[in-house]
>>> print(open('upload-v4.cif').read())   # mmCIF, C-alpha atoms (C1' of nucleotides)
data_final
loop_
_atom_site.label_atom_id
_atom_site.label_comp_id
_atom_site.auth_asym_id
_atom_site.auth_seq_id
_atom_site.Cartn_x
_atom_site.Cartn_y
_atom_site.Cartn_z
CA MET A 25 13.88 -39.00 -37.73
CA GLU A 26 13.55 -35.95 -35.51
CA LEU A 27 15.33 -33.69 -37.97
CA ASN A 28 12.81 -34.37 -40.70
CA GLN A 29 9.87 -33.58 -38.50
CA HIS A 30 11.40 -30.33 -37.38
CA ALA A 31 12.25 -29.44 -40.95
CA GLU A 32 8.66 -30.08 -42.01
CA LYS A 33 7.26 -28.05 -39.16
CA LEU A 34 9.70 -25.23 -39.84
CA ALA A 35 8.76 -25.23 -43.53
CA ASN A 36 5.09 -24.84 -42.71
CA LEU A 37 5.81 -22.19 -40.12
CA THR A 38 7.91 -19.97 -42.35
CA PHE A 39 5.28 -20.37 -45.07
CA SER A 40 2.54 -19.10 -42.78
CA LEU A 41 4.71 -16.46 -41.20
CA LEU A 42 5.57 -15.09 -44.62
CA ALA A 43 1.91 -14.69 -45.53
CA ASN A 44 1.06 -13.07 -42.21
CA CYS A 45 4.00 -10.68 -42.25
CA GLN A 46 3.06 -9.57 -45.73
CA GLU A 47 -0.47 -8.92 -44.56
CA LYS A 48 0.90 -6.96 -41.62
CA GLU A 49 2.94 -4.74 -43.95
CA VAL A 50 -0.08 -4.09 -46.13
CA ARG A 51 -2.10 -3.02 -43.11
CA LEU A 52 0.62 -0.72 -41.79
CA ALA A 53 1.13 0.94 -45.16
CA GLU A 54 -2.62 1.48 -45.49
CA ILE A 55 -2.87 3.06 -42.08
CA HIS A 56 -0.38 5.75 -43.12
CA GLY A 57 -1.83 6.42 -46.56
CA LEU A 58 1.21 5.04 -48.36
CA THR A 59 1.54 2.45 -51.07
CA GLN A 60 3.40 -0.68 -50.07
CA ALA A 61 6.38 0.34 -52.18
CA GLU A 62 6.54 3.77 -50.58
CA PHE A 63 6.19 2.24 -47.15
CA ARG A 64 9.01 -0.20 -47.77
CA CYS A 65 11.16 2.59 -49.15
CA LEU A 66 10.68 4.81 -46.11
CA ARG A 67 11.29 1.88 -43.76
CA LEU A 68 14.72 1.47 -45.34
CA PHE A 69 15.80 4.99 -44.46
CA GLY A 70 18.00 5.61 -41.50
CA SER A 71 16.49 8.73 -39.99
CA ASP A 72 19.29 11.12 -40.97
CA GLU A 73 20.82 9.43 -43.94
CA THR A 74 21.59 10.70 -47.41
CA VAL A 75 21.82 8.24 -50.27
CA ASN A 76 21.35 8.16 -54.02
CA ASN A 77 18.75 6.53 -56.18
CA LYS A 78 20.86 3.55 -57.11
CA LYS A 79 21.76 2.62 -53.56
CA ILE A 80 18.12 2.55 -52.56
CA ALA A 81 17.28 0.47 -55.60
CA GLU A 82 19.90 -2.06 -54.56
CA ARG A 83 18.63 -2.16 -51.00
CA MET A 84 15.09 -2.70 -52.16
CA ASN A 85 16.08 -5.14 -54.86
CA LEU A 86 14.35 -3.05 -57.52
CA SER A 87 15.44 -1.38 -60.75
CA PRO A 88 16.63 2.26 -60.58
CA SER A 89 13.83 3.31 -62.91
CA ARG A 90 11.25 1.86 -60.53
CA LEU A 91 12.86 3.79 -57.71
CA THR A 92 12.68 7.06 -59.62
CA ARG A 93 8.90 6.75 -59.62
CA ILE A 94 8.53 5.58 -56.05
CA ILE A 95 10.61 8.55 -54.95
CA ASP A 96 8.53 10.79 -57.21
CA GLY A 97 5.56 9.80 -55.08
CA LEU A 98 7.37 10.41 -51.82
CA VAL A 99 8.61 13.80 -53.03
CA ASN A 100 5.05 14.73 -54.02
CA LYS A 101 3.83 13.75 -50.59
CA GLU A 102 6.70 15.80 -49.20
CA TYR A 103 8.24 13.02 -47.18
CA ILE A 104 11.62 13.24 -48.88
CA ILE A 105 13.80 15.81 -50.61
CA ARG A 106 15.63 15.11 -53.85
CA GLU A 107 18.44 17.35 -54.99
CA ILE A 108 21.42 17.10 -57.28
CA ASP A 109 24.61 15.97 -55.58
CA PRO A 110 27.04 18.93 -55.98
CA ASN A 111 30.07 16.60 -55.85
CA ASP A 112 28.84 14.48 -58.72
CA ARG A 113 26.00 16.02 -60.63
CA ARG A 114 24.92 12.63 -62.03
CA ASN A 115 23.81 11.56 -58.58
CA MET A 116 20.69 12.49 -56.71
CA ARG A 117 20.98 13.18 -53.00
CA VAL A 118 17.86 11.70 -51.46
CA THR A 119 17.08 12.75 -47.87
CA LEU A 120 14.16 12.64 -45.51
CA SER A 121 12.33 15.93 -45.00
CA SER A 122 11.48 16.82 -41.42
CA LYS A 123 7.98 15.55 -42.11
CA GLY A 124 9.58 12.35 -43.41
CA GLN A 125 11.84 12.00 -40.41
CA SER A 126 9.01 12.18 -37.94
CA LEU A 127 7.00 9.67 -39.95
CA VAL A 128 9.91 7.24 -40.09
CA LYS A 129 10.37 7.55 -36.36
CA GLN A 130 6.68 6.99 -35.86
CA LEU A 131 6.72 3.98 -38.20
CA ASN A 132 9.65 2.43 -36.44
CA LYS A 133 8.02 3.00 -33.12
CA ALA A 134 4.78 1.39 -34.32
CA TYR A 135 6.74 -1.50 -35.75
CA VAL A 136 8.48 -2.11 -32.44
CA ASP A 137 5.22 -1.63 -30.56
CA ILE A 138 3.59 -4.42 -32.50
CA HIS A 139 6.41 -6.76 -31.65
CA ARG A 140 6.26 -5.75 -28.03
CA GLU A 141 2.57 -6.62 -28.07
CA ILE A 142 3.45 -9.95 -29.60
CA LEU A 143 6.13 -10.61 -27.01
CA LYS A 144 3.64 -9.95 -24.25
CA ASP A 145 1.83 -13.05 -25.40
CA ILE A 146 4.96 -15.14 -25.07
CA ASP A 147 6.54 -16.41 -21.85
CA PRO A 148 9.42 -14.02 -20.99
CA ASP A 149 11.76 -16.97 -20.48
CA GLN A 150 11.35 -17.64 -24.18
CA HIS A 151 12.26 -14.16 -25.38
CA GLU A 152 15.98 -14.76 -25.35
CA PRO A 153 15.88 -18.17 -27.05
CA LEU A 154 13.41 -16.85 -29.60
CA THR A 155 15.56 -13.98 -30.76
CA THR A 156 18.80 -15.94 -30.84
CA ALA A 157 17.14 -18.81 -32.69
CA LEU A 158 15.69 -16.38 -35.21
CA GLU A 159 19.12 -14.86 -35.67
CA HIS A 160 20.48 -18.27 -36.50
CA LEU A 161 17.60 -18.94 -38.83
CA LEU A 162 18.22 -15.70 -40.67
CA GLU A 163 21.93 -16.36 -40.93
CA ALA A 164 21.33 -19.85 -42.29
CA LEU A 165 18.77 -18.55 -44.76
CA GLU A 166 21.18 -15.93 -46.05
CA LYS A 167 23.81 -18.59 -46.48
CA TRP A 168 21.41 -20.77 -48.47
CA LEU A 169 20.43 -17.87 -50.70
CA ALA A 170 24.03 -16.90 -51.29
CA LYS A 171 25.09 -20.32 -52.54
CA SER A 172 22.20 -20.82 -55.00
CA MET B 159 13.87 -2.31 -20.20
CA GLU B 160 14.61 -5.78 -21.51
CA LEU B 161 11.25 -6.09 -23.23
CA ASN B 162 11.89 -3.06 -25.40
CA GLN B 163 15.24 -4.31 -26.56
CA HIS B 164 13.84 -7.69 -27.44
CA ALA B 165 10.95 -6.07 -29.24
CA GLU B 166 13.35 -3.95 -31.26
CA LYS B 167 15.52 -6.91 -32.13
CA LEU B 168 12.50 -8.99 -33.03
CA ALA B 169 11.18 -6.21 -35.26
CA ASN B 170 14.44 -6.06 -37.18
CA LEU B 171 14.64 -9.83 -37.43
CA THR B 172 11.16 -10.32 -38.83
CA PHE B 173 11.83 -7.49 -41.26
CA SER B 174 14.93 -9.20 -42.61
CA LEU B 175 13.38 -12.65 -42.48
CA LEU B 176 10.45 -11.42 -44.51
CA ALA B 177 12.69 -10.11 -47.26
CA ASN B 178 14.76 -13.29 -47.35
CA CYS B 179 11.77 -15.62 -47.31
CA GLN B 180 10.27 -13.71 -50.21
CA GLU B 181 13.50 -14.06 -52.12
CA LYS B 182 13.53 -17.77 -51.34
CA GLU B 183 10.01 -18.19 -52.74
CA VAL B 184 10.95 -16.32 -55.89
CA ARG B 185 13.94 -18.60 -56.42
CA LEU B 186 11.93 -21.77 -55.85
CA ALA B 187 9.15 -20.72 -58.20
CA GLU B 188 11.70 -19.78 -60.86
CA ILE B 189 13.42 -23.12 -60.61
CA HIS B 190 10.19 -24.88 -61.54
CA GLY B 191 9.14 -22.50 -64.30
CA LEU B 192 6.17 -21.20 -62.35
CA THR B 193 5.07 -17.71 -61.46
CA GLN B 194 5.04 -16.91 -57.75
CA ALA B 195 1.25 -16.99 -57.69
CA GLU B 196 1.13 -20.38 -59.40
CA PHE B 197 3.76 -21.68 -57.03
CA ARG B 198 1.84 -20.51 -53.99
CA CYS B 199 -1.37 -21.94 -55.39
CA LEU B 200 0.14 -25.38 -55.94
CA ARG B 201 1.77 -25.29 -52.52
CA LEU B 202 -1.70 -24.89 -51.00
CA PHE B 203 -3.01 -28.11 -52.53
CA GLY B 204 -3.24 -31.22 -50.47
CA SER B 205 -2.04 -33.88 -52.87
CA ASP B 206 -5.41 -35.55 -53.44
CA GLU B 207 -7.81 -32.77 -52.66
CA THR B 208 -10.70 -31.35 -54.64
CA VAL B 209 -11.83 -27.80 -53.98
CA ASN B 210 -13.57 -24.98 -55.79
CA ASN B 211 -12.31 -21.65 -57.03
CA LYS B 212 -13.64 -19.67 -54.10
CA LYS B 213 -12.07 -21.85 -51.42
CA ILE B 214 -8.66 -21.46 -53.01
CA ALA B 215 -9.15 -17.72 -53.29
CA GLU B 216 -9.90 -17.54 -49.58
CA ARG B 217 -6.88 -19.64 -48.71
CA MET B 218 -4.63 -17.46 -50.81
CA ASN B 219 -6.26 -14.25 -49.71
CA LEU B 220 -6.96 -13.22 -53.29
CA SER B 221 -10.09 -12.32 -55.23
CA PRO B 222 -11.94 -15.12 -57.05
CA SER B 223 -11.36 -13.33 -60.35
CA ARG B 224 -7.62 -13.41 -59.77
CA LEU B 225 -7.83 -17.10 -59.00
CA THR B 226 -9.68 -17.81 -62.23
CA ARG B 227 -6.64 -16.58 -64.14
CA ILE B 228 -4.04 -18.24 -61.98
CA ILE B 229 -5.86 -21.52 -62.45
CA ASP B 230 -6.11 -20.79 -66.17
CA GLY B 231 -2.33 -20.82 -66.21
CA LEU B 232 -2.05 -24.02 -64.24
CA VAL B 233 -4.63 -25.71 -66.48
CA ASN B 234 -2.67 -24.61 -69.54
CA LYS B 235 0.49 -26.05 -68.06
CA GLU B 236 -1.52 -29.20 -67.34
CA TYR B 237 -0.82 -29.25 -63.62
CA ILE B 238 -4.48 -29.15 -62.60
CA ILE B 239 -7.85 -30.22 -63.96
CA ARG B 240 -10.90 -27.99 -63.85
CA GLU B 241 -14.37 -29.43 -64.37
CA ILE B 242 -17.91 -28.48 -63.52
CA ASP B 243 -19.13 -29.88 -60.22
CA PRO B 244 -22.04 -32.21 -61.13
CA ASN B 245 -23.69 -31.63 -57.73
CA ASP B 246 -23.76 -27.87 -58.12
CA ARG B 247 -23.06 -26.70 -61.62
CA ARG B 248 -22.07 -23.23 -60.41
CA ASN B 249 -18.96 -24.66 -58.79
CA MET B 250 -15.76 -25.72 -60.41
CA ARG B 251 -14.07 -28.87 -59.16
CA VAL B 252 -10.37 -28.11 -59.17
CA THR B 253 -8.05 -31.09 -58.81
CA LEU B 254 -4.39 -31.84 -59.34
CA SER B 255 -3.56 -33.83 -62.45
CA SER B 256 -1.12 -36.71 -62.02
CA LYS B 257 1.57 -34.38 -63.39
CA GLY B 258 0.46 -31.84 -60.79
CA GLN B 259 0.49 -34.36 -57.97
CA SER B 260 4.04 -35.40 -58.62
CA LEU B 261 5.14 -31.77 -58.86
CA VAL B 262 3.46 -30.90 -55.57
CA LYS B 263 5.16 -33.81 -53.89
CA GLN B 264 8.45 -32.73 -55.37
CA LEU B 265 7.89 -29.12 -54.31
CA ASN B 266 7.00 -30.10 -50.77
CA LYS B 267 10.03 -32.32 -50.62
CA ALA B 268 12.29 -29.54 -51.89
CA TYR B 269 10.73 -27.11 -49.46
CA VAL B 270 11.38 -29.39 -46.54
CA ASP B 271 14.86 -30.17 -47.82
CA ILE B 272 15.80 -26.51 -47.73
CA HIS B 273 14.67 -26.22 -44.16
CA ARG B 274 16.54 -29.39 -43.24
CA GLU B 275 19.64 -27.81 -44.75
CA ILE B 276 19.00 -24.71 -42.70
CA LEU B 277 18.49 -26.72 -39.52
CA LYS B 278 21.80 -28.44 -40.09
CA ASP B 279 23.43 -25.08 -39.49
CA ILE B 280 21.71 -24.71 -36.13
CA ASP B 281 22.59 -26.48 -32.89
CA PRO B 282 20.17 -29.44 -32.53
CA ASP B 283 19.40 -28.41 -28.95
CA GLN B 284 17.85 -25.28 -30.41
CA HIS B 285 15.53 -27.01 -32.86
CA GLU B 286 12.78 -27.61 -30.35
CA PRO B 287 12.81 -24.09 -28.84
CA LEU B 288 13.01 -22.57 -32.30
CA THR B 289 9.90 -24.27 -33.64
CA THR B 290 7.81 -23.76 -30.51
CA ALA B 291 8.84 -20.13 -30.31
CA LEU B 292 7.94 -19.62 -33.94
CA GLU B 293 4.59 -21.22 -33.30
CA HIS B 294 3.95 -18.72 -30.56
CA LEU B 295 5.10 -15.90 -32.79
CA LEU B 296 2.73 -16.97 -35.53
CA GLU B 297 -0.14 -17.35 -33.11
CA ALA B 298 0.46 -13.89 -31.66
CA LEU B 299 0.75 -12.38 -35.11
CA GLU B 300 -2.55 -13.90 -36.18
CA LYS B 301 -4.16 -12.54 -33.07
CA TRP B 302 -2.83 -9.04 -33.80
CA LEU B 303 -4.09 -9.19 -37.38
CA ALA B 304 -7.49 -10.42 -36.27
CA LYS B 305 -8.14 -7.55 -33.91
CA SER B 306 -7.13 -4.72 -36.27
"C1'" DT C 102 41.38 20.04 -74.83
"C1'" DA C 103 38.45 17.42 -77.50
"C1'" DA C 104 36.59 13.04 -77.86
"C1'" DC C 105 35.20 8.70 -76.11
"C1'" DG C 106 33.46 5.44 -72.80
"C1'" DA C 107 31.34 4.66 -68.34
"C1'" DT C 108 27.87 5.92 -64.95
"C1'" DT C 109 23.38 7.89 -62.94
"C1'" DT C 110 19.01 9.15 -63.61
"C1'" DT C 111 14.93 9.81 -66.16
"C1'" DT C 112 11.36 8.73 -69.71
"C1'" DG C 113 8.60 5.75 -72.78
"C1'" DA C 114 6.98 1.38 -73.89
"C1'" DT C 115 5.47 -2.79 -72.28
"C1'" DA C 116 4.14 -6.75 -69.31
"C1'" DT C 117 2.31 -8.64 -65.21
"C1'" DG C 118 -0.41 -8.67 -60.74
"C1'" DC C 119 -4.42 -7.64 -58.69
"C1'" DA C 120 -9.27 -5.85 -57.40
"C1'" DC C 121 -13.77 -4.19 -58.55
"C1'" DA C 122 -17.93 -4.09 -61.19
"C1'" DA C 123 -20.83 -6.13 -64.56
"C1'" DT C 124 -22.32 -10.46 -66.72
"C1'" DT C 125 -23.64 -15.25 -67.04
"C1'" DA C 126 -25.12 -19.59 -65.28
"C1'" DT C 127 -27.11 -21.92 -61.85
"C1'" DT C 128 -29.47 -22.94 -57.53
"C1'" DA C 129 -32.59 -21.99 -53.53
"C1'" DA C 130 -36.62 -19.76 -51.56
"C1'" DT C 131 -41.07 -17.77 -51.31
"C1'" DA D 239 -42.82 -19.03 -61.40
"C1'" DT D 240 -40.48 -15.34 -60.21
"C1'" DT D 241 -37.07 -13.47 -57.40
"C1'" DA D 242 -32.97 -13.49 -54.59
"C1'" DA D 243 -28.55 -15.45 -53.77
"C1'" DT D 244 -24.22 -17.66 -55.14
"C1'" DA D 245 -20.01 -19.09 -58.19
"C1'" DA D 246 -17.28 -18.23 -61.84
"C1'" DT D 247 -15.82 -15.46 -65.59
"C1'" DT D 248 -14.81 -11.23 -68.35
"C1'" DG D 249 -13.78 -6.30 -68.99
"C1'" DT D 250 -11.52 -2.49 -67.15
"C1'" DG D 251 -8.28 0.20 -64.65
"C1'" DC D 252 -4.61 1.04 -61.50
"C1'" DA D 253 -0.24 -0.45 -59.21
"C1'" DT D 254 3.99 -2.71 -59.88
"C1'" DA D 255 8.00 -3.67 -62.22
"C1'" DT D 256 11.46 -4.17 -66.11
"C1'" DC D 257 13.94 -2.99 -70.15
"C1'" DA D 258 15.69 -0.01 -73.74
"C1'" DA D 259 16.78 4.52 -75.14
"C1'" DA D 260 17.95 9.24 -74.12
"C1'" DA D 261 20.15 12.97 -71.48
"C1'" DA D 262 23.52 14.73 -68.34
"C1'" DT D 263 27.81 14.37 -66.28
"C1'" DC D 264 32.26 12.53 -65.16
"C1'" DG D 265 36.92 10.49 -65.92
"C1'" DT D 266 40.39 9.25 -69.09
"C1'" DT D 267 43.34 9.38 -72.78
"C1'" DA D 268 44.98 10.52 -77.34
#
>>> encode(input="upload-v4.cif", output="structure tokens")
Amino acid sequence: MELNQHAEKLANLTFSLLANCQEKEVRLAEIHGLTQAEFRCLRLFGSDETVNNKKIAERMNLSPSRLTRIIDGLVNKEYIIREIDPNDRRNMRVTLSSKGQSLVKQLNKAYVDIHREILKDIDPDQHEPLTTALEHLLEALEKWLAKS
Amino acid sequence: MELNQHAEKLANLTFSLLANCQEKEVRLAEIHGLTQAEFRCLRLFGSDETVNNKKIAERMNLSPSRLTRIIDGLVNKEYIIREIDPNDRRNMRVTLSSKGQSLVKQLNKAYVDIHREILKDIDPDQHEPLTTALEHLLEALEKWLAKS
DNA sequence: TAACGATTTTTGATATGCACAATTATTAAT
DNA sequence: ATTAATAATTGTGCATATCAAAAATCGTTA
């Protein structure tokens, strides 16, 4: 059966890709003197967004208490600003500092650069099918996760 | 520029795929009562293979000391057997027990099953381009990691 | 308006994941 | 025969993460 062979190949590929992508994230975080958690947290910021602790925790799939400490680190390093939300003083308004904004932009740029480098090694005719296929893969994966 | 747009899209896709694949691994490990590390370790065993501590550590990209403890766990749960290599008594011969072998087979089967399910949601004409494109992506990623 | 319950964050305690350095056992080399 | 090299383990320390409890604030309702 063709389907089985493709499934097997796909299983091995996503397994290897996962490991390599993780390694890539570690390297990138290191380069910028951030812990992995801090790196991931910054990556999840839209460049001019303001959110509260809990929202970030949900995005990162971590507990709010964990987030408090990650943000502590980022505040210490002066990448983000944390202030009490005047509308609801229980909330914290978490925003990128200007230093943070430029880093996020730089990170995003580097992230895209890497993938541009990668694409250079792939036949341009395959760029379109690659991205659309990956979109489908992601969609299907999300569906699988949702139902289990 | 087309290339830039594709690079940007690809960057976002791999970012999301990474998160989802991680979540998938967590779920699978949980289902079988294993920690993520134990799960990954078992996944890396050929079903009738015998290797030593160090080799596994290299495969998993972890320190030998970490591996000692992961294997401790798997020995306790009776999935693998650890014995001194008679040819070189410094080495440990690590092998799957029969219980371990059947679990690994089951895990591999489940892993492939998931990806078959995922492929069912994707147009069969796209299966071939998807896997070859992913192969290229992986190759390019490995190359990038190697040179930095 | 005073009191109660719900919500957001923080803090303290605790558990796990992981690497590094030191230690032990063994082998290979001079 | 002694020394150097190698494999695994153990001790230690830091990063990661959760949970429970506490503190502050808000909304509701008696």
>>> closest_residue(input="upload-v4.cif", among="C:DT109, C:DT115, C:DT125, C:DT131", to="DT240 of chain D", atoms="all atoms listed in the file")
C:DT131
>>> atom_distance(input="upload-v4.cif", atom1="atom CA of Asn178 of chain B", atom2="atom CA of Thr92 of chain A")
23.9 Å
>>> calpha_fit_rmsd(input="upload-v4.cif", fixed="chain A", moving="chain B")
0.3 Å
>>> residues_around(input="upload-v4.cif", residues="Val209 of chain B", least_positions_apart="4", cutoff="9 Å", atoms="all atoms listed in the file", output="list in words")
Phe203, Lys213, Ile214, Met250, Arg251, Val252 and Thr253 of chain B
>>> interface_residues(input="upload-v4.cif", of="chain D", to="chain A", cutoff="12 Å", atoms="only C-alpha atoms (C1' of nucleotides)", output="list in words")
DA253, DT254, DA255, DT256, DC257, DA258, DA261, DA262, DT263, DC264 and DG265 of chain D
>>> residues_near_point(input="upload-v4.cif", point="(13.8, -29.7, -42.0)", cutoff="7 Å", atoms="all atoms listed in the file", output="ChimeraX atom specification")
/A:27-32,34-35 /B:270-275,277
>>> write_last_selection(input="upload-v4.cif", atoms="C-alpha atoms", output="short mmCIF file (atom, residue, chain, number, x, y, z; two decimals), keeping the file's coordinate frame")
data_model
loop_
_atom_site.label_atom_id
_atom_site.label_comp_id
_atom_site.auth_asym_id
_atom_site.auth_seq_id
_atom_site.Cartn_x
_atom_site.Cartn_y
_atom_site.Cartn_z
CA LEU A 27 15.33 -33.69 -37.97
CA ASN A 28 12.81 -34.37 -40.70
CA GLN A 29 9.87 -33.58 -38.50
CA HIS A 30 11.40 -30.33 -37.38
CA ALA A 31 12.25 -29.44 -40.95
CA GLU A 32 8.66 -30.08 -42.01
CA LEU A 34 9.70 -25.23 -39.84
CA ALA A 35 8.76 -25.23 -43.53
CA VAL B 270 11.38 -29.39 -46.54
CA ASP B 271 14.86 -30.17 -47.82
CA ILE B 272 15.80 -26.51 -47.73
CA HIS B 273 14.67 -26.22 -44.16
CA ARG B 274 16.54 -29.39 -43.24
CA GLU B 275 19.64 -27.81 -44.75
CA LEU B 277 18.49 -26.72 -39.52
#
>>> atom_distance(input="upload-v4.cif", atom1="atom CA of Glu181 of chain B", atom2="atom CA of Leu169 of chain A")
8.0 Å
>>> interface_residues(input="upload-v4.cif", of="chain C", to="chain A", cutoff="12 Å", atoms="all atoms listed in the file", output="MDAnalysis selection string")
chainID C and resid 108:113
>>> resolve_selection(input="upload-v4.cif", expression="the PyMOL selection byres ((chain C and resi 122) around 12)", output="short mmCIF file (atom, residue, chain, number, x, y, z; two decimals) with C-alpha atoms (C1' of nucleotides), keeping the file's coordinate frame")
data_model
loop_
_atom_site.label_atom_id
_atom_site.label_comp_id
_atom_site.auth_asym_id
_atom_site.auth_seq_id
_atom_site.Cartn_x
_atom_site.Cartn_y
_atom_site.Cartn_z
CA SER B 223 -11.36 -13.33 -60.35
"C1'" DA C 120 -9.27 -5.85 -57.40
"C1'" DC C 121 -13.77 -4.19 -58.55
"C1'" DA C 123 -20.83 -6.13 -64.56
"C1'" DT C 124 -22.32 -10.46 -66.72
"C1'" DT D 248 -14.81 -11.23 -68.35
"C1'" DG D 249 -13.78 -6.30 -68.99
"C1'" DT D 250 -11.52 -2.49 -67.15
"C1'" DG D 251 -8.28 0.20 -64.65
#
>>> interface_residues(input="upload-v4.cif", of="chain A", to="chain B", cutoff="9 Å", atoms="all atoms listed in the file", output="number ranges by chain")
A: 27-28, 30-48, 51, 132-133, 135-146, 148, 150-169, 172
>>> atom_distance(input="upload-v4.cif", atom1="atom CA of Glu188 of chain B", atom2="atom CA of Ala268 of chain B")
13.3 Å
>>> build_atoms(input="upload-v4.cif", residues="segment 88-108 of chain A", atoms="N, CA and C atoms", output="PDB file, in the frame of the given file")
ATOM      1  N   PRO A  88      16.540   0.818 -60.835  1.00  0.00           N
ATOM      2  CA  PRO A  88      16.630   2.260 -60.580  1.00  0.00           C
ATOM      3  C   PRO A  88      15.435   3.011 -61.149  1.00  0.00           C
ATOM      4  N   SER A  89      14.938   2.574 -62.292  1.00  0.00           N
ATOM      5  CA  SER A  89      13.830   3.310 -62.910  1.00  0.00           C
ATOM      6  C   SER A  89      12.573   3.197 -62.040  1.00  0.00           C
ATOM      7  N   ARG A  90      12.383   2.022 -61.450  1.00  0.00           N
ATOM      8  CA  ARG A  90      11.250   1.860 -60.530  1.00  0.00           C
ATOM      9  C   ARG A  90      11.395   2.839 -59.368  1.00  0.00           C
ATOM     10  N   LEU A  91      12.607   2.928 -58.867  1.00  0.00           N
ATOM     11  CA  LEU A  91      12.860   3.790 -57.710  1.00  0.00           C
ATOM     12  C   LEU A  91      12.577   5.244 -58.017  1.00  0.00           C
ATOM     13  N   THR A  92      12.968   5.674 -59.231  1.00  0.00           N
ATOM     14  CA  THR A  92      12.680   7.060 -59.620  1.00  0.00           C
ATOM     15  C   THR A  92      11.223   7.381 -59.353  1.00  0.00           C
ATOM     16  N   ARG A  93      10.330   6.444 -59.732  1.00  0.00           N
ATOM     17  CA  ARG A  93       8.900   6.750 -59.620  1.00  0.00           C
ATOM     18  C   ARG A  93       8.391   6.619 -58.191  1.00  0.00           C
ATOM     19  N   ILE A  94       8.935   5.684 -57.455  1.00  0.00           N
ATOM     20  CA  ILE A  94       8.530   5.580 -56.050  1.00  0.00           C
ATOM     21  C   ILE A  94       8.924   6.868 -55.323  1.00  0.00           C
ATOM     22  N   ILE A  95      10.137   7.332 -55.604  1.00  0.00           N
ATOM     23  CA  ILE A  95      10.610   8.550 -54.950  1.00  0.00           C
ATOM     24  C   ILE A  95       9.822   9.767 -55.432  1.00  0.00           C
ATOM     25  N   ASP A  96       9.430   9.747 -56.719  1.00  0.00           N
ATOM     26  CA  ASP A  96       8.530  10.790 -57.210  1.00  0.00           C
ATOM     27  C   ASP A  96       7.341  10.941 -56.270  1.00  0.00           C
ATOM     28  N   GLY A  97       6.738   9.791 -55.956  1.00  0.00           N
ATOM     29  CA  GLY A  97       5.560   9.800 -55.080  1.00  0.00           C
ATOM     30  C   GLY A  97       5.886  10.376 -53.715  1.00  0.00           C
ATOM     31  N   LEU A  98       7.017   9.956 -53.161  1.00  0.00           N
ATOM     32  CA  LEU A  98       7.370  10.410 -51.820  1.00  0.00           C
ATOM     33  C   LEU A  98       7.756  11.887 -51.814  1.00  0.00           C
ATOM     34  N   VAL A  99       8.313  12.368 -52.930  1.00  0.00           N
ATOM     35  CA  VAL A  99       8.610  13.800 -53.030  1.00  0.00           C
ATOM     36  C   VAL A  99       7.304  14.588 -53.109  1.00  0.00           C
ATOM     37  N   ASN A 100       6.365  14.082 -53.919  1.00  0.00           N
ATOM     38  CA  ASN A 100       5.050  14.730 -54.020  1.00  0.00           C
ATOM     39  C   ASN A 100       4.371  14.830 -52.674  1.00  0.00           C
ATOM     40  N   LYS A 101       4.461  13.762 -51.911  1.00  0.00           N
ATOM     41  CA  LYS A 101       3.830  13.750 -50.590  1.00  0.00           C
ATOM     42  C   LYS A 101       4.695  14.463 -49.553  1.00  0.00           C
ATOM     43  N   GLU A 102       5.816  14.991 -50.046  1.00  0.00           N
ATOM     44  CA  GLU A 102       6.700  15.800 -49.200  1.00  0.00           C
ATOM     45  C   GLU A 102       7.347  15.075 -48.034  1.00  0.00           C
ATOM     46  N   TYR A 103       7.566  13.775 -48.226  1.00  0.00           N
ATOM     47  CA  TYR A 103       8.240  13.020 -47.180  1.00  0.00           C
ATOM     48  C   TYR A 103       9.751  13.022 -47.394  1.00  0.00           C
ATOM     49  N   ILE A 104      10.185  13.218 -48.638  1.00  0.00           N
ATOM     50  CA  ILE A 104      11.620  13.240 -48.880  1.00  0.00           C
ATOM     51  C   ILE A 104      11.986  14.387 -49.822  1.00  0.00           C
ATOM     52  N   ILE A 105      13.278  14.730 -49.777  1.00  0.00           N
ATOM     53  CA  ILE A 105      13.800  15.810 -50.610  1.00  0.00           C
ATOM     54  C   ILE A 105      14.794  15.199 -51.581  1.00  0.00           C
ATOM     55  N   ARG A 106      14.711  15.631 -52.848  1.00  0.00           N
ATOM     56  CA  ARG A 106      15.630  15.110 -53.850  1.00  0.00           C
ATOM     57  C   ARG A 106      16.351  16.279 -54.495  1.00  0.00           C
ATOM     58  N   GLU A 107      17.675  16.257 -54.390  1.00  0.00           N
ATOM     59  CA  GLU A 107      18.440  17.350 -54.990  1.00  0.00           C
ATOM     60  C   GLU A 107      19.703  16.802 -55.643  1.00  0.00           C
ATOM     61  N   ILE A 108      20.226  17.552 -56.565  1.00  0.00           N
ATOM     62  CA  ILE A 108      21.420  17.100 -57.280  1.00  0.00           C
ATOM     63  C   ILE A 108      22.618  17.137 -56.351  1.00  0.00           C
TER      64      ILE A 108
END
